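Report on one structure; see the data block that follows.
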Amino acid sequence: MPGDILYKTYRILDVLGKGGSGTVYLVRHERSGRLWAVKEIAKEENHLIMEAELLKKLRHPGLPAVGDILEQNGMFYLVMDYIEGKSLRRLLEEETRFSQEQVVAWGIELCGVLEYLHTRTPSVIYRDMKPSNVMRREDGSLVLVDFGTARERKEEAEGDTVWLGTRGYAAPEQYGGHGQTGPETDVYGLGAVLYHLLTGRSPADPPYGFVPIRMVRPELSGGLEKILACCTRDNPEERYHSCGELAWSLEHYRELDEAFIRQKKRRRRIFVVCAVATMTAFVGSRTMALLERRAIAGTYQAQLAEAEGAVHREDRLEACRRAIRLEPGLAEGYRCLMKIFLEDGTFSAEEELVLREVLNERLDGGGRILDRLQKNETEYQKAAYEIGQAYFYDYEGTDGKRASARWLLAAAQSGEEGGLSGRELLRAEVLSRIAGYYDGLDIQKRNGDSEASYEEYWQDLETLGRQELEAGDNRVTALLADRELVVGLALRTKQFKTAGIDADSMETALLRVRNRLRVWEREPDRSEYESQLKRDVREGLLTAGRAVEAAFADTESWEEEEHGTGND
């Protein structure tokens with residue numbers, strides 16, 4: 001009940017929901033103040049304990065992390081991430097249905113989460129896709145919740161032991177007699193969810209089942225209609241065999257439209273008729289193509305120059321976007337965009353939405369801008385490095401470190417022949433690891449230990465401040481690294497001490513930062529952002545210094561007592 005305290009640690013604030021799998025509470029950790037969601041599970045509900053054990057093995061931005069499993073008064077309590085936002089079911093109640101562009105984007109994102117589950121060893125089959133089990137965070141990203149019916153696939157089994165699912169969204173094989181559930185089962189459930197989001201009609205309500213989506217909304221894509229029909233076929237063998245296949249089809253759904261296919265056939269006939277003329281004009285066509293490329297390149301550089309010189313911020317942003325549309329496979333346009341975003345020292349939630357719009361914008365031919373960028377590996381790594389650092393250092397929301405991880409990891413995987421220098425590769429690798437620690441550092445096991453290693457975390461913080469990373473860096477980049485070190489040390493001094501990091505190591509790291517700051521403070525600031533960073537580092541040094549001194553004061557007093565060095 002609200003007001004009760006679980007395990008002397010979590011105070012119940014509210015009831016988030018009740019269902020067949022148990023009551024879910026909103027709780028607050030008494031010491032840290034962090035909000036968590038706690039699912040209450042009766043001891044006899046053994047399959048729900050399996051849910052907790054299953055979730056503990058999984059780490060993905062689209063899945064809730066498990067913080068603890070508690071036992072009290074004959075009940076189990078599963079402590080999980082509290083996802084602030086609304087379920088897709090709630091959004092359907094508010095909006096009734098959504099645009100096909102929005103639904104396709106959500107579908108691709110959910111395909112990524114399901115594909116992660118299906119590629120575990122053993123693979124995990126979710127088995128309960130429905131709008132109420134998908135949460136949309138405040139930043140727009142999706143999280144799959146409620147793993148009460150999920151199971152690890154057993155290759156030797158002939159069928160599922162328990163038949164579970166939600167009528168309308170569950171595939172036929174979930175009701176027995178069709179063998180074991182597999183990835184195709186989740187493809188069916190996701191297809192049913194996308195159908196509901198597009199049409200506003202729940203397959204769980206009379207008359208049940210599915211009709212072609214264009215019978216409900218004629219303006220929808222015929223290609224999308226084909227995709228959903230494939231997802232929701234009764235025979236698993238006739239569906240997409242993986243969520244990766246489904247994601248690819250969703251990304252290219254317009255190419256499955258009848259109008260597109262007819263146009264393609266017409267172009268093929270024209271091509272055959274013109275083949276001879278094309279061959280005779282080969283030299284001329286190559287010349288024209290070269291001239292076209294030069295014209296695009298010139299326009300691209302002109303747009304970047306306009307972004308640099310325009311007076312109004314909106315005009316500069318639009319010039320960047322025009323440049324990206326012209327050359328989506330080049331990193332310079334994305335750097336232009338991020339530079340404008342970071343002029344005030346923050347990467348805001350509104351700016352993140354602009355970035356998402358840019359990356360998901362459809363080009364002629366149906367592909368997204370992000371798809372085109374990813375095809376140029378070297379340029380993608382350059383852009384990923386800039387975007388990842390913006391999320392890591394400057395995002396104003398709470399999930400910046402988490403969001404930075406995938407971008408920085410993409411940058412770190414470029415290798416020696418990639419588009420980044422050795423110094424940049426090292427930083428991307430270190431920052432991606434630190435970003436990965438942030439979830440684990442705040443998730444406490446039952447014995448009080450952290451999921452992440454504070455010793456490794458400290459080593460990576462120290463690496464950020466080493467001279468080989470600083471050589472050739474611009475001052476802002478170095479100040480950002482120093483700020484990360486002093487803030488991390490100020491917040492977690494005691495944990496570092498417990499992990500075996502001594503006072504000398506901490507003080508040496510702070511001295512290195514202090515000496516660099518003294519040199520830079522003798523030089524004029526190049527921007528207000530740089531000036532603010534210096535203030536942040538200066539204040540962080542004071543706070544971290546006091547934290548180190550306080551953490552080791554008790555140790556020194558104890559040593560004096562033990563060795564008789566204190567005054568009688």
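Letters for chains follow the order of the structure tokens (A, B, ...), residue numbers begin at 1 for each chain, and ligand numbers begin at 1 in the order shown.
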Contacts of A:Ala384 at 6 Å or less, counting only C-alpha atoms, minus same-chain residues fewer than 4 places along, as a PyMOL selection string?
chain A and resi 380+388+407+411
Taking the backbone alone, and naming residues the way the document does, which bits of stretch 326-510 of chain A are strand (DSSP E or B) by DSSP, as number ranges by chain?
A: 347, 362, 368, 395, 444, 450
Restricted to C-alpha atoms, what would the selected residues look like written as a short mmCIF file (atom, residue, chain, number, x, y, z; two decimals), in the first residue's frame?
data_model
loop_
_atom_site.label_atom_id
_atom_site.label_comp_id
_atom_site.auth_asym_id
_atom_site.auth_seq_id
_atom_site.Cartn_x
_atom_site.Cartn_y
_atom_site.Cartn_z
CA PHE A 347 21.92 19.50 -26.56
CA ARG A 362 12.80 9.73 -46.43
CA ARG A 368 16.06 7.04 -44.86
CA TYR A 395 22.31 16.28 -23.49
CA GLN A 444 22.40 -2.35 -6.79
CA SER A 450 27.01 -2.55 -8.03
#
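Across the structure, atom CA of A:Phe341 and atom CA of A:Glu424 are spaced 20.9 Å apart.
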Do you have, as JSON lines, the list of residues of stretch 346-419 of chain A lying at most 7 Å from stretch 308-329 of chain A, each with its nearest atom pair and that distance in Å to one decimal, counting only C-alpha atoms and ordered by chain then number?
{"residue": "A:Ile369", "atom": "CA", "partner": "A:Pro328", "partner_atom": "CA", "distance": 5.7}
{"residue": "A:Arg372", "atom": "CA", "partner": "A:Gly329", "partner_atom": "CA", "distance": 5.5}
{"residue": "A:Leu373", "atom": "CA", "partner": "A:Gly329", "partner_atom": "CA", "distance": 4.1}
{"residue": "A:Asn376", "atom": "CA", "partner": "A:Gly329", "partner_atom": "CA", "distance": 5.8}
{"residue": "A:Glu379", "atom": "CA", "partner": "A:Gly329", "partner_atom": "CA", "distance": 6.7}
Residue neighbourhood A:Leu6, 10 Å, only C-alpha atoms, exclusion window fewer than 4 positions, as number ranges by chain
A: 10-12, 27, 29, 38, 70-73, 77
Output the selection as a PDB file, in the first residue's frame - C-alpha atoms for each residue.
ATOM      1  CA  TYR A  10      11.817   1.245  -1.104  1.00  0.00           C
ATOM      2  CA  ARG A  11       8.855   3.444  -0.105  1.00  0.00           C
ATOM      3  CA  ILE A  12       5.661   2.729  -2.065  1.00  0.00           C
ATOM      4  CA  VAL A  27       8.475   3.298  -5.341  1.00  0.00           C
ATOM      5  CA  HIS A  29      14.657   4.421  -3.016  1.00  0.00           C
ATOM      6  CA  VAL A  38       8.211  -2.822  -8.400  1.00  0.00           C
ATOM      7  CA  LEU A  70      13.311  -9.013  -2.889  1.00  0.00           C
ATOM      8  CA  GLU A  71      11.333 -11.364  -0.666  1.00  0.00           C
ATOM      9  CA  GLN A  72       9.063 -10.070   2.114  1.00  0.00           C
ATOM     10  CA  ASN A  73       5.931 -11.345   3.888  1.00  0.00           C
ATOM     11  CA  TYR A  77       9.155  -8.100  -5.403  1.00  0.00           C
TER      12      TYR A  77
END
Excluding A:Glu351 and its own-chain neighbours fewer than 4 positions away, which residues fall within 10 Å of it when counting only C-alpha atoms? Please give them as an mmCIF file with C-alpha atoms, in the first residue's frame.
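The resulting file, result-v1.cif, is reproduced below:
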data_model
loop_
_atom_site.group_PDB
_atom_site.id
_atom_site.type_symbol
_atom_site.label_atom_id
_atom_site.label_comp_id
_atom_site.auth_asym_id
_atom_site.auth_seq_id
_atom_site.Cartn_x
_atom_site.Cartn_y
_atom_site.Cartn_z
ATOM 1 C CA LEU A 337 24.047 20.545 -37.448
ATOM 2 C CA MET A 338 25.647 19.486 -34.147
ATOM 3 C CA ILE A 340 24.738 24.827 -34.172
ATOM 4 C CA PHE A 341 22.994 22.736 -31.516
ATOM 5 C CA LEU A 342 25.927 23.027 -29.108
ATOM 6 C CA THR A 346 23.475 22.104 -24.291
ATOM 7 C CA PHE A 347 21.924 19.505 -26.563
ATOM 8 C CA LEU A 355 18.156 15.365 -35.267
ATOM 9 C CA ARG A 356 15.744 12.406 -35.249
ATOM 10 C CA GLU A 357 13.623 14.059 -37.955
ATOM 11 C CA TYR A 395 22.307 16.277 -23.494
#
Taking the DSSP secondary structure from the backbone, can you list the residues of stretch 88-237 of chain A that are helix (DSSP H, G or I), as a ChimeraX atom specification?
/A:88-95,100-118,131-133,172-175,183-199,213-216,222-231,236-237
Considering only C-alpha atoms, state which residue in the set A:Ala503, A:Leu479, A:Leu489, A:Val193 is at the smallest distance from A:Arg516.
A:Leu479
Excluding A:Gln389 and its own-chain neighbours fewer than 6 positions away, which residues fall within 10 Å of it when counting only C-alpha atoms? Please give them as a tab-separated table (two decimals) with N, CA, C and O atoms, in the first residue's frame.
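Generated file (selection_9.tsv):
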chain	number	residue	atom	x	y	z
A	338	MET	N	25.30	19.62	-35.57
A	338	MET	CA	25.65	19.49	-34.15
A	338	MET	C	26.35	20.75	-33.63
A	338	MET	O	26.16	21.13	-32.47
A	395	TYR	N	23.75	16.47	-23.41
A	395	TYR	CA	22.31	16.28	-23.49
A	395	TYR	C	21.66	16.71	-22.19
A	395	TYR	O	22.10	16.33	-21.11
A	400	GLY	N	21.03	10.83	-21.61
A	400	GLY	CA	22.07	11.18	-22.56
A	400	GLY	C	23.18	10.15	-22.66
A	400	GLY	O	23.62	9.78	-23.75
A	401	LYS	N	23.66	9.67	-21.50
A	401	LYS	CA	24.75	8.68	-21.50
A	401	LYS	C	24.29	7.40	-22.20
A	401	LYS	O	25.01	6.82	-23.01
A	404	SER	N	24.11	7.89	-25.89
A	404	SER	CA	25.42	8.08	-26.53
A	404	SER	C	26.10	6.76	-26.85
A	404	SER	O	26.94	6.69	-27.75
A	405	ALA	N	25.74	5.70	-26.12
A	405	ALA	CA	26.51	4.46	-26.19
A	405	ALA	C	26.56	3.90	-27.61
A	405	ALA	O	27.63	3.52	-28.10
A	407	TRP	N	26.10	5.35	-30.52
A	407	TRP	CA	26.83	6.19	-31.46
A	407	TRP	C	28.34	6.07	-31.23
A	407	TRP	O	29.12	5.93	-32.18
A	408	LEU	N	28.76	6.12	-29.97
A	408	LEU	CA	30.19	6.04	-29.67
A	408	LEU	C	30.74	4.67	-30.01
A	408	LEU	O	31.89	4.54	-30.45
A	427	ARG	N	39.23	7.79	-27.57
A	427	ARG	CA	38.22	8.50	-26.79
A	427	ARG	C	36.84	7.88	-27.00
A	427	ARG	O	36.08	7.67	-26.05
A	428	ALA	N	36.49	7.55	-28.25
A	428	ALA	CA	35.19	6.93	-28.52
A	428	ALA	C	35.04	5.62	-27.75
A	428	ALA	O	33.99	5.34	-27.18
A	431	LEU	N	34.71	6.47	-23.90
A	431	LEU	CA	33.41	7.07	-23.58
A	431	LEU	C	32.28	6.07	-23.73
A	431	LEU	O	31.32	6.08	-22.96
A	432	SER	N	32.38	5.18	-24.72
A	432	SER	CA	31.31	4.18	-24.89
A	432	SER	C	31.29	3.23	-23.70
A	432	SER	O	30.21	2.81	-23.25
A	477	THR	N	37.16	20.17	-26.14
A	477	THR	CA	37.12	18.71	-25.99
A	477	THR	C	37.85	18.27	-24.74
A	477	THR	O	37.37	17.42	-23.98
A	480	LEU	N	35.86	19.21	-21.60
A	480	LEU	CA	34.75	18.28	-21.41
A	480	LEU	C	35.22	17.00	-20.71
A	480	LEU	O	34.56	16.49	-19.80
I'd like the neighbourhood of A:Glu528 as JSON, numbers by chain, where a residue qualifies if any of its atoms comes within 9 Å (using only C-alpha atoms), though same-chain residues fewer than 4 positions away should be ignored.
{"A": [343, 344, 345, 532, 533]}
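Counting only C-alpha atoms, the residue from A:Ala171, A:Leu92, A:Ala229, A:Val145 that sits nearest to A:Leu197 is A:Leu92.
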Show which residues sit within 8 Å of A:Leu250, as an MDAnalysis selection string. Count only C-alpha atoms, and ignore same-chain residues fewer than 6 positions away.
chainID A and resid 104 107:108 224 227
Put those residues in a file: C-alpha atoms, as an mmCIF file, in the first residue's frame.
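Saved to out_17.cif:
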data_model
loop_
_atom_site.group_PDB
_atom_site.id
_atom_site.type_symbol
_atom_site.label_atom_id
_atom_site.label_comp_id
_atom_site.auth_asym_id
_atom_site.auth_seq_id
_atom_site.Cartn_x
_atom_site.Cartn_y
_atom_site.Cartn_z
ATOM 1 C CA VAL A 104 6.675 2.393 -39.575
ATOM 2 C CA GLY A 107 7.802 -0.855 -36.075
ATOM 3 C CA ILE A 108 11.465 -0.616 -37.089
ATOM 4 C CA LEU A 224 2.522 -1.623 -46.036
ATOM 5 C CA ILE A 227 3.832 -6.409 -45.175
#
Enter the distance from atom CA of A:Phe76 to atom CA of A:Arg31, in Å, rounded to one decimal.
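Taking atom CA of A:Phe76 and atom CA of A:Arg31, their separation equals 21.5 Å.
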